[in-house]
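Asks: Sharing input11.cif, mmCIF, C-alpha atoms:
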```
data_protein
loop_
_atom_site.label_atom_id
_atom_site.label_comp_id
_atom_site.auth_asym_id
_atom_site.auth_seq_id
_atom_site.Cartn_x
_atom_site.Cartn_y
_atom_site.Cartn_z
CA MET K 1 -16.11 16.66 12.83
CA THR K 2 -13.57 19.41 12.43
CA THR K 3 -10.78 19.15 9.89
CA THR K 4 -8.32 20.57 12.44
CA PHE K 5 -8.30 17.41 14.52
CA TYR K 6 -4.49 17.52 14.73
CA LYS K 7 -4.71 20.72 16.80
CA LYS K 8 -6.60 18.93 19.57
CA PRO K 9 -4.57 17.55 22.51
CA THR K 10 -7.23 14.86 22.98
CA TYR K 11 -6.53 13.58 19.46
CA TRP K 12 -2.85 13.10 20.27
CA PHE K 13 -3.65 11.45 23.60
CA ALA K 14 -5.98 8.98 21.87
CA SER K 15 -3.39 8.40 19.14
CA CYS K 16 -0.69 7.72 21.73
CA TYR K 17 -2.96 5.27 23.55
CA SER K 18 -3.47 3.38 20.29
CA PHE K 19 0.19 3.61 19.27
CA MET K 20 1.61 2.37 22.58
CA TYR K 21 -0.95 -0.38 23.06
CA TYR K 22 -0.44 -1.86 19.58
CA ALA K 23 3.33 -1.47 19.83
CA ALA K 24 3.28 -3.55 23.03
CA GLY K 25 0.93 -6.03 21.35
CA SER K 26 3.30 -6.49 18.43
CA PHE K 27 6.19 -7.30 20.78
CA VAL K 28 4.11 -9.90 22.60
CA PHE K 29 2.07 -11.47 19.81
CA SER K 30 3.70 -11.03 16.41
CA PHE K 31 5.98 -14.04 17.07
CA TYR K 32 3.94 -15.65 19.86
CA ALA K 33 3.29 -18.93 18.03
CA ILE K 34 6.95 -19.22 17.01
CA TRP K 35 8.03 -18.60 20.62
CA LEU K 36 5.68 -21.34 21.84
CA SER K 37 6.88 -23.91 19.33
CA LYS K 38 10.55 -23.10 18.78
CA GLU K 39 11.65 -21.74 22.14
CA ILE K 40 9.42 -23.64 24.57
CA GLY K 41 9.09 -26.73 22.37
CA LEU K 42 5.31 -27.16 22.44
CA THR K 43 3.56 -29.40 19.95
CA ALA K 44 0.96 -28.12 17.50
CA LYS K 45 -1.74 -29.73 19.67
CA GLN K 46 -0.49 -27.94 22.79
CA THR K 47 -0.35 -24.63 20.92
CA GLY K 48 -3.94 -25.21 19.78
CA ILE K 49 -5.02 -25.81 23.39
CA ILE K 50 -3.38 -22.52 24.41
CA TYR K 51 -5.15 -20.54 21.68
CA SER K 52 -8.51 -22.15 22.51
CA PHE K 53 -8.19 -21.29 26.21
CA ASN K 54 -6.96 -17.77 25.43
CA TYR K 55 -10.02 -17.00 23.34
CA PHE K 56 -12.52 -18.77 25.60
CA ILE K 57 -11.43 -16.89 28.74
CA SER K 58 -11.32 -13.66 26.74
CA LEU K 59 -15.01 -13.99 25.85
CA ILE K 60 -15.86 -13.57 29.53
CA ILE K 61 -13.37 -10.72 29.98
CA MET K 62 -14.78 -8.85 26.96
CA ILE K 63 -18.25 -8.83 28.54
CA ILE K 64 -16.84 -7.49 31.82
CA TYR K 65 -14.75 -4.87 30.03
CA GLY K 66 -17.63 -3.67 27.86
CA VAL K 67 -20.18 -3.26 30.65
CA TYR K 68 -17.75 -1.72 33.16
CA GLN K 69 -16.16 0.76 30.73
CA ASP K 70 -19.55 2.08 29.66
CA LYS K 71 -20.32 2.80 33.31
CA LEU K 72 -16.94 4.53 33.69
CA VAL K 73 -17.32 6.58 30.47
CA LEU K 74 -13.80 8.10 30.17
CA LYS K 75 -12.61 7.32 33.69
CA LYS K 76 -9.37 5.40 33.52
CA HIS K 77 -9.75 2.57 36.02
CA LEU K 78 -9.58 -0.18 33.38
CA ILE K 79 -6.96 1.70 31.38
CA TRP K 80 -4.74 1.81 34.48
CA PHE K 81 -5.28 -1.93 34.85
CA GLN K 82 -4.21 -2.35 31.21
CA SER K 83 -1.05 -0.32 31.79
CA ILE K 84 -0.12 -2.53 34.74
CA ILE K 85 -0.61 -5.69 32.66
CA ILE K 86 1.55 -4.29 29.83
CA THR K 87 4.30 -3.20 32.24
CA LEU K 88 4.35 -6.66 33.83
CA ALA K 89 4.70 -8.37 30.43
CA ALA K 90 8.35 -9.36 30.82
CA PRO K 91 8.31 -10.55 34.45
CA ALA K 92 5.02 -12.43 34.02
CA LEU K 93 5.79 -14.07 30.67
CA ILE K 94 9.47 -14.88 31.32
CA TYR K 95 9.45 -15.85 34.99
CA VAL K 96 5.92 -17.25 35.46
CA TYR K 97 4.28 -18.20 32.14
CA GLU K 98 7.29 -19.83 30.46
CA PRO K 99 8.33 -22.04 33.44
CA LEU K 100 4.72 -23.12 33.95
CA LEU K 101 4.33 -24.12 30.31
CA ARG K 102 7.55 -26.13 30.50
CA HIS K 103 6.88 -27.92 33.79
CA ASN K 104 3.14 -27.66 34.55
CA PHE K 105 1.49 -27.12 31.21
CA TYR K 106 -2.17 -26.71 32.17
CA PHE K 107 -1.43 -24.31 35.04
CA GLY K 108 0.56 -22.30 32.47
CA VAL K 109 -2.35 -22.38 30.05
CA ILE K 110 -4.74 -21.05 32.71
CA PHE K 111 -2.34 -18.32 33.89
CA GLY K 112 -1.61 -17.22 30.32
CA SER K 113 -5.29 -17.19 29.36
CA PHE K 114 -6.10 -14.70 32.09
CA PHE K 115 -2.95 -12.58 31.80
CA LEU K 116 -3.00 -12.34 27.99
CA GLY K 117 -6.79 -12.14 27.93
CA PHE K 118 -6.95 -9.15 30.27
CA GLY K 119 -3.97 -7.53 28.58
CA TRP K 120 -4.41 -8.14 24.86
CA VAL K 121 -6.88 -10.69 23.53
CA ALA K 122 -9.81 -8.89 25.19
CA GLY K 123 -7.86 -5.71 25.89
CA MET K 124 -7.70 -4.79 22.22
CA GLY K 125 -11.44 -4.16 22.11
CA LEU K 126 -11.26 -2.15 25.35
CA ILE K 127 -8.57 0.20 24.04
CA ASP K 128 -10.32 0.63 20.68
CA SER K 129 -13.64 1.41 22.38
CA TYR K 130 -11.94 3.81 24.83
CA CYS K 131 -10.23 5.70 21.98
CA GLU K 132 -13.52 5.79 20.09
CA LYS K 133 -15.21 7.34 23.11
CA ILE K 134 -12.47 10.01 23.26
CA SER K 135 -12.88 10.72 19.54
CA ARG K 136 -16.65 11.05 19.82
CA ALA K 137 -16.46 13.17 22.97
CA PHE K 138 -13.99 15.67 21.52
CA GLY K 139 -14.98 15.82 17.86
CA PHE K 140 -12.52 13.89 15.69
CA GLU K 141 -12.64 10.62 13.77
CA PHE K 142 -11.74 7.35 15.48
CA GLY K 143 -9.98 6.13 12.33
CA GLN K 144 -7.61 9.10 12.48
CA CYS K 145 -6.20 8.02 15.85
CA ARG K 146 -6.46 4.26 15.18
CA THR K 147 -4.14 4.80 12.20
CA TRP K 148 -1.30 5.17 14.69
CA GLY K 149 -2.09 1.74 16.09
CA CYS K 150 -1.63 0.20 12.63
CA ILE K 151 1.69 2.01 12.18
CA ALA K 152 2.85 0.92 15.66
CA TYR K 153 2.04 -2.73 14.97
CA ALA K 154 3.88 -2.68 11.65
CA VAL K 155 6.99 -1.01 13.08
CA GLY K 156 6.85 -3.14 16.23
CA THR K 157 6.66 -6.36 14.21
CA PHE K 158 9.74 -5.33 12.25
CA ILE K 159 11.68 -4.61 15.46
CA ALA K 160 10.37 -7.82 17.08
CA GLY K 161 11.73 -9.84 14.16
CA ILE K 162 15.20 -8.48 14.91
CA LEU K 163 14.92 -8.96 18.68
CA ILE K 164 13.67 -12.54 18.50
CA SER K 165 16.77 -13.52 16.51
CA LEU K 166 18.91 -12.19 19.40
CA ASN K 167 16.82 -13.32 22.37
CA PRO K 168 13.02 -13.83 22.43
CA HIS K 169 12.86 -12.37 25.94
CA LEU K 170 13.94 -8.99 24.57
CA ASN K 171 10.52 -8.61 22.96
CA PHE K 172 8.79 -9.01 26.31
CA TRP K 173 11.12 -6.47 27.94
CA ALA K 174 10.37 -4.08 25.08
CA ALA K 175 6.64 -4.50 25.82
CA SER K 176 7.26 -3.70 29.50
CA ILE K 177 9.15 -0.53 28.57
CA VAL K 178 6.20 0.52 26.42
CA GLY K 179 3.97 -0.22 29.44
CA ILE K 180 5.91 2.31 31.53
CA CYS K 181 5.39 4.91 28.78
CA PHE K 182 1.70 3.94 28.79
CA MET K 183 1.53 4.72 32.52
CA ILE K 184 3.15 8.12 31.98
CA LEU K 185 0.58 8.86 29.27
CA ASN K 186 -2.21 7.83 31.63
CA LEU K 187 -0.93 10.18 34.32
CA ASN K 188 -1.07 13.11 31.92
CA PHE K 189 -4.44 12.44 30.26
CA LYS K 190 -7.14 14.32 32.19
CA PRO K 191 -10.31 14.45 30.07
CA ASP K 192 -12.69 17.32 30.85
CA LEU K 193 -16.11 16.11 29.73
CA SER K 194 -17.60 19.54 30.32
CA GLN K 195 -15.68 20.56 27.19
CA SER K 196 -17.07 17.65 25.17
CA SER K 197 -18.59 18.42 21.78
CA ASP K 198 -21.17 15.64 22.33
CA VAL K 199 -23.86 16.31 24.93
CA ILE K 200 -24.21 12.57 25.58
CA PHE K 201 -20.96 12.74 27.55
CA GLN K 202 -22.30 15.55 29.71
CA LYS K 203 -25.10 13.44 31.15
CA LYS K 204 -24.43 13.30 34.88
CA ASP K 205 -26.34 10.23 36.07
CA LYS K 206 -24.58 6.89 35.85
CA LEU K 207 -25.68 4.06 33.63
CA SER K 208 -27.84 1.54 35.44
CA PHE K 209 -27.44 -2.19 35.01
CA ASN K 210 -31.00 -2.36 33.66
CA GLU K 211 -30.12 0.12 30.90
CA ILE K 212 -27.23 -2.13 29.89
CA LEU K 213 -29.42 -5.24 29.95
CA MET K 214 -31.97 -3.49 27.72
CA VAL K 215 -29.48 -3.78 24.84
CA PHE K 216 -30.00 -7.55 24.79
CA THR K 217 -33.75 -7.14 24.32
CA LEU K 218 -33.33 -5.11 21.12
CA LYS K 219 -34.06 -6.86 17.83
CA LYS K 220 -31.52 -4.70 16.00
CA PHE K 221 -28.77 -5.82 18.40
CA TRP K 222 -29.32 -9.46 17.48
CA ILE K 223 -29.53 -8.58 13.77
CA PHE K 224 -26.12 -6.92 14.18
CA VAL K 225 -24.77 -10.04 15.96
CA ILE K 226 -26.01 -12.27 13.10
CA TYR K 227 -24.27 -9.99 10.59
CA VAL K 228 -20.99 -10.33 12.54
CA LEU K 229 -21.34 -14.12 12.86
CA GLY K 230 -22.02 -14.53 9.15
CA THR K 231 -19.38 -12.16 7.82
CA TYR K 232 -16.62 -11.09 10.19
CA SER K 233 -16.18 -14.45 11.97
CA LEU K 234 -16.19 -16.47 8.73
CA TYR K 235 -13.78 -13.99 7.19
CA ASN K 236 -11.43 -14.43 10.17
CA ILE K 237 -11.46 -18.20 9.64
CA TYR K 238 -10.54 -17.66 6.01
CA ASP K 239 -7.88 -15.02 6.68
CA GLN K 240 -6.15 -16.56 9.70
CA GLN K 241 -6.78 -20.29 9.42
CA LEU K 242 -6.99 -21.08 5.70
CA PHE K 243 -5.34 -18.39 3.58
CA PRO K 244 -1.77 -18.55 5.01
CA VAL K 245 -1.65 -22.32 4.41
CA TYR K 246 -3.13 -22.01 0.91
CA PHE K 247 -0.78 -19.17 -0.03
CA THR K 248 2.42 -20.97 0.99
CA GLN K 249 1.28 -24.14 -0.81
CA GLN K 250 1.49 -22.26 -4.12
CA PHE K 251 5.32 -22.32 -3.93
CA ALA K 252 7.64 -25.17 -4.83
CA ASP K 253 9.77 -24.20 -1.82
CA VAL K 254 7.51 -23.41 1.14
CA ASN K 255 10.21 -21.12 2.60
CA ASP K 256 9.80 -18.81 -0.41
CA GLY K 257 6.11 -18.66 0.47
CA TYR K 258 6.88 -17.78 4.08
CA ARG K 259 9.20 -14.97 3.03
CA LEU K 260 6.77 -13.43 0.54
CA TYR K 261 3.87 -13.80 2.96
CA GLY K 262 5.86 -11.95 5.63
CA ILE K 263 6.65 -9.12 3.21
CA LEU K 264 3.02 -8.87 2.12
CA ASN K 265 1.85 -8.92 5.72
CA SER K 266 4.09 -5.97 6.64
CA PHE K 267 3.08 -4.01 3.54
CA GLN K 268 -0.58 -4.74 4.25
CA VAL K 269 -0.36 -3.26 7.76
CA PHE K 270 1.02 0.01 6.37
CA LEU K 271 -1.80 0.04 3.81
CA GLU K 272 -4.24 -0.49 6.67
CA ALA K 273 -2.88 2.64 8.33
CA ALA K 274 -3.47 4.70 5.18
CA VAL K 275 -6.96 3.29 4.63
CA MET K 276 -7.84 3.66 8.32
CA PHE K 277 -7.05 7.38 8.11
CA CYS K 278 -9.16 7.94 4.98
CA VAL K 279 -12.09 5.57 5.46
CA PRO K 280 -14.01 7.69 8.05
CA PHE K 281 -14.63 10.34 5.40
CA VAL K 282 -16.00 7.68 3.03
CA VAL K 283 -18.18 6.11 5.73
CA ASN K 284 -19.57 9.52 6.66
CA ARG K 285 -20.52 10.05 3.03
CA VAL K 286 -22.05 6.65 2.18
CA GLY K 287 -23.40 5.79 5.64
CA ALA K 288 -22.51 3.13 8.17
CA LYS K 289 -24.96 0.52 6.85
CA ASN K 290 -23.68 0.83 3.28
CA ALA K 291 -20.10 0.67 4.52
CA LEU K 292 -20.83 -2.56 6.42
CA ILE K 293 -22.40 -3.99 3.28
CA PHE K 294 -19.30 -2.95 1.30
CA ALA K 295 -17.04 -4.64 3.89
CA ALA K 296 -19.06 -7.85 3.51
CA PHE K 297 -18.76 -7.57 -0.28
CA ILE K 298 -14.97 -7.25 -0.05
CA SER K 299 -14.88 -10.28 2.27
CA ALA K 300 -17.02 -12.41 -0.04
CA SER K 301 -15.03 -11.30 -3.10
CA ARG K 302 -11.65 -12.11 -1.55
CA ILE K 303 -12.79 -15.53 -0.38
CA PHE K 304 -14.54 -16.44 -3.64
CA LEU K 305 -11.70 -15.19 -5.88
CA THR K 306 -9.13 -17.19 -3.92
CA GLY K 307 -10.83 -20.37 -5.08
CA HIS K 308 -10.66 -19.36 -8.75
CA VAL K 309 -7.14 -18.02 -9.35
CA ASN K 310 -3.75 -19.69 -9.50
CA SER K 311 -1.50 -16.69 -10.17
CA ILE K 312 0.71 -15.83 -7.21
CA ALA K 313 0.58 -12.17 -8.25
CA ILE K 314 -3.23 -12.09 -8.14
CA ILE K 315 -3.35 -14.04 -4.87
CA SER K 316 -0.91 -11.48 -3.44
CA VAL K 317 -3.26 -8.66 -4.47
CA ILE K 318 -6.13 -10.54 -2.79
CA LYS K 319 -4.02 -10.68 0.37
CA LEU K 320 -3.44 -6.91 0.29
CA MET K 321 -7.19 -6.28 -0.16
CA HIS K 322 -7.47 -7.20 3.51
CA CYS K 323 -6.65 -3.58 4.36
CA LEU K 324 -9.93 -2.44 2.76
CA GLU K 325 -12.05 -4.95 4.65
CA ILE K 326 -10.64 -4.67 8.16
CA SER K 327 -10.34 -0.87 8.17
CA THR K 328 -13.83 -0.34 6.76
CA ILE K 329 -15.56 -2.73 9.12
CA LEU K 330 -13.83 -1.39 12.26
CA VAL K 331 -14.73 2.24 11.55
CA SER K 332 -18.23 1.33 10.27
CA VAL K 333 -19.07 -0.78 13.30
CA PHE K 334 -18.42 2.10 15.70
CA LYS K 335 -20.44 4.51 13.55
CA TYR K 336 -23.29 1.99 13.22
CA ILE K 337 -23.34 1.57 17.02
CA ASP K 338 -23.33 5.34 17.56
CA ILE K 339 -26.25 5.78 15.16
CA ASN K 340 -28.44 2.86 16.19
CA PHE K 341 -27.82 2.44 19.93
CA ASN K 342 -27.53 4.61 23.00
CA ALA K 343 -24.05 6.07 22.49
CA ARG K 344 -23.30 5.63 26.19
CA LEU K 345 -23.38 1.85 25.61
CA SER K 346 -20.85 1.82 22.77
CA ALA K 347 -18.27 -0.32 24.64
CA THR K 348 -20.89 -2.92 25.61
CA VAL K 349 -22.28 -3.23 22.09
CA PHE K 350 -18.82 -3.24 20.51
CA LEU K 351 -17.17 -5.75 22.83
CA ILE K 352 -20.16 -8.12 23.05
CA GLY K 353 -21.94 -7.60 19.73
CA TYR K 354 -18.77 -7.44 17.64
CA GLN K 355 -15.76 -8.89 19.49
CA VAL K 356 -17.52 -11.67 21.43
CA ALA K 357 -19.79 -12.58 18.52
CA GLY K 358 -16.81 -12.72 16.17
CA SER K 359 -14.88 -14.97 18.54
CA VAL K 360 -17.87 -17.25 19.13
CA GLY K 361 -18.27 -17.62 15.37
CA VAL K 362 -14.64 -18.69 15.03
CA ILE K 363 -15.06 -21.23 17.85
CA LEU K 364 -18.28 -22.63 16.34
CA PHE K 365 -17.27 -22.83 12.68
CA SER K 366 -13.47 -23.16 12.45
CA THR K 367 -13.32 -26.95 12.97
CA TYR K 368 -16.15 -27.60 10.49
CA VAL K 369 -14.62 -25.33 7.83
CA GLY K 370 -11.23 -26.98 8.40
CA GLN K 371 -12.77 -30.41 7.81
CA ILE K 372 -14.28 -29.24 4.52
CA TYR K 373 -10.87 -27.88 3.49
CA ASP K 374 -9.22 -31.25 4.26
CA THR K 375 -11.85 -33.39 2.51
CA ASP K 376 -13.04 -31.26 -0.43
CA GLY K 377 -10.01 -29.06 -1.08
CA PRO K 378 -9.43 -25.30 -1.10
CA ALA K 379 -11.43 -24.46 -4.25
CA THR K 380 -14.68 -25.95 -2.95
CA THR K 381 -14.12 -24.50 0.53
CA PHE K 382 -13.48 -20.97 -0.72
CA ASN K 383 -16.41 -21.11 -3.16
CA ASN K 384 -18.85 -22.23 -0.49
CA LEU K 385 -17.50 -19.88 2.17
CA GLY K 386 -17.65 -16.93 -0.25
CA LEU K 387 -21.26 -17.73 -1.13
CA VAL K 388 -22.22 -17.93 2.55
CA VAL K 389 -20.69 -14.51 3.25
CA LEU K 390 -22.45 -13.16 0.15
CA GLY K 391 -25.72 -14.49 1.57
CA PHE K 392 -25.13 -12.64 4.82
CA MET K 393 -24.32 -9.50 2.83
CA ILE K 394 -27.82 -9.75 1.34
CA PHE K 395 -29.13 -10.27 4.88
CA ALA K 396 -27.40 -7.01 5.85
CA ILE K 397 -28.97 -5.15 2.92
CA ILE K 398 -32.43 -6.24 4.07
CA PHE K 399 -32.20 -6.15 7.85
CA LEU K 400 -29.47 -3.77 9.09
CA SER K 401 -30.93 -0.49 10.32
CA ARG K 402 -30.79 2.62 8.22
CA ASP K 403 -28.53 5.48 9.26
CA ARG K 404 -30.62 7.43 11.71
CA LYS K 405 -30.32 8.13 15.40
CA SER K 406 -32.43 5.90 17.60
CA THR K 407 -35.44 7.51 19.30
CA LYS K 408 -33.94 6.71 22.69
CA GLN K 409 -30.71 8.54 21.92
CA VAL K 410 -32.57 11.59 20.62
CA GLU K 411 -34.65 11.62 23.82
CA ILE K 412 -31.48 11.53 25.95
CA LYS K 413 -29.91 14.40 24.02
CA GLN K 414 -33.13 16.46 24.33
CA GLU K 415 -33.25 15.75 28.07
CA ILE K 416 -29.66 16.93 28.53
CA THR K 417 -30.23 20.03 26.39
CA ASN K 418 -33.31 20.98 28.41
#
```
Take the structure in the file and give it back as structure tokens.

Replies:
Amino acid sequence: MTTTFYKKPTYWFASCYSFMYYAAGSFVFSFYAIWLSKEIGLTAKQTGIIYSFNYFISLIIMIIYGVYQDKLVLKKHLIWFQSIIITLAAPALIYVYEPLLRHNFYFGVIFGSFFLGFGWVAGMGLIDSYCEKISRAFGFEFGQCRTWGCIAYAVGTFIAGILISLNPHLNFWAASIVGICFMILNLNFKPDLSQSSDVIFQKKDKLSFNEILMVFTLKKFWIFVIYVLGTYSLYNIYDQQLFPVYFTQQFADVNDGYRLYGILNSFQVFLEAAVMFCVPFVVNRVGAKNALIFAAFISASRIFLTGHVNSIAIISVIKLMHCLEISTILVSVFKYIDINFNARLSATVFLIGYQVAGSVGVILFSTYVGQIYDTDGPATTFNNLGLVVLGFMIFAIIFLSRDRKSTKQVEIKQEITN
């Protein structure tokens, strides 16, 4: 990878894709739960139903996105579809989704699950995998362009907080405006794969469905899925379901907890951007497998420590450590996929092996973990959850593949070269 990545037009195109997509996502989702409860007046149970449907439908969409984008390589069919969804955010959410939720709840749930699933819940993995393909094709680090997505989400969340106080619909119109900019970007991005620095992208024949299915027969694919189920999905349950509640309970006035948590959350996203920019160089040095093990160690440490400290200052530091975990695992996963699988199948392996597996883990374990939290308390829950993640870290040490190109990928590169 060249150090002059910033001189490459493809780097700035990929960065703009990430920036615009995550900016639109922040306008739609940063205050989504508040919009559902405060503006539409849904109960906590109804909000839970919406989230469950959103993620369930998105599992199916992720599989479709992953397989289809690998066949397209850098063709923009799905990216155009994404730009249309983003541009339609305001009309669809204000004039269709909101009235349905108010007057015909389950029709609204179904409509929203597909619209938000195609656009954001599953779309996030599509955009990340597309930007990663651009980075690999034209010789720069994925983390260097994904940094702009972190910055966009942080800035967008700040602006969304102002807009929602004026009128929640302004956030959706802001997302639609970003969608128009996304379309303009798409019109101007014309990747020339003949100029690619990676010969994999110069292979002319299209991926067959059998080649894609072969991924699911590989032992190392299922080992990777088990790693994700035992680390990333459990960590998400801790970080999204348990930690916010536990953190705010440390304050005599829960509103003080909300305010500090919001400040920490914004600061954390900016830290993520800085770490995301730097972590590719570390991962290249220590290797993808070791970086995945390190990410699991950070996860286990954060979870375990939360059950043993009472200081708000230390708990705040634990919250900010999230930037190390999420940035490291995202960059490491793509590099691990590139090293251990046919690089042409990166979207399939990422969206199914990482995104789908992570979501399935949340669906399978979140209720059970929540019951333990209610019955045994936070200390016991965090101790046990931390030990489980630590166990899967040891599993990763033993079973994850070492950093070497698969025989199949080497054969493909030799075939193209010859």

Asks: Name the closest residue to Lys220 in chain K among the candidates K:Gly353, K:Gly161, K:Pro99, K:Gly257; distances are taken between atoms, counting all atoms listed in the file.

Replies: K:Gly353

Asks: Apply the PyMOL selection byres ((chain K and resi 123) around 10) to the structure shown and report the selected residues as an MDAnalysis selection string.

Replies: chainID K and resid 21 25 58 61:62 65 78:79 82 85 116:122 124:129 351

Asks: Can you work out the spacing between CA of Gly386 in chain K and CA of Ile303 in chain K in Å, to one decimal?

Replies: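 Taking CA of Gly386 in chain K as the start and CA of Ile303 in chain K as the end point, the length is 5.1 Å.
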
Asks: Check the smallest atom-to-atom distance from each of K:Gln241, K:Thr367, K:Ser332, K:Ser346 to Gly287 in chain K using all atoms listed in the file, then report the winner.

Replies: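 Closest residue, counting all atoms listed in the file: K:Ser332.
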
Asks: Do you have the CA of Asn383 in chain K-CA of Gly361 in chain K distance handy?

Replies: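 Atom-to-atom, CA of Asn383 in chain K to CA of Gly361 in chain K, that is 18.9 Å.
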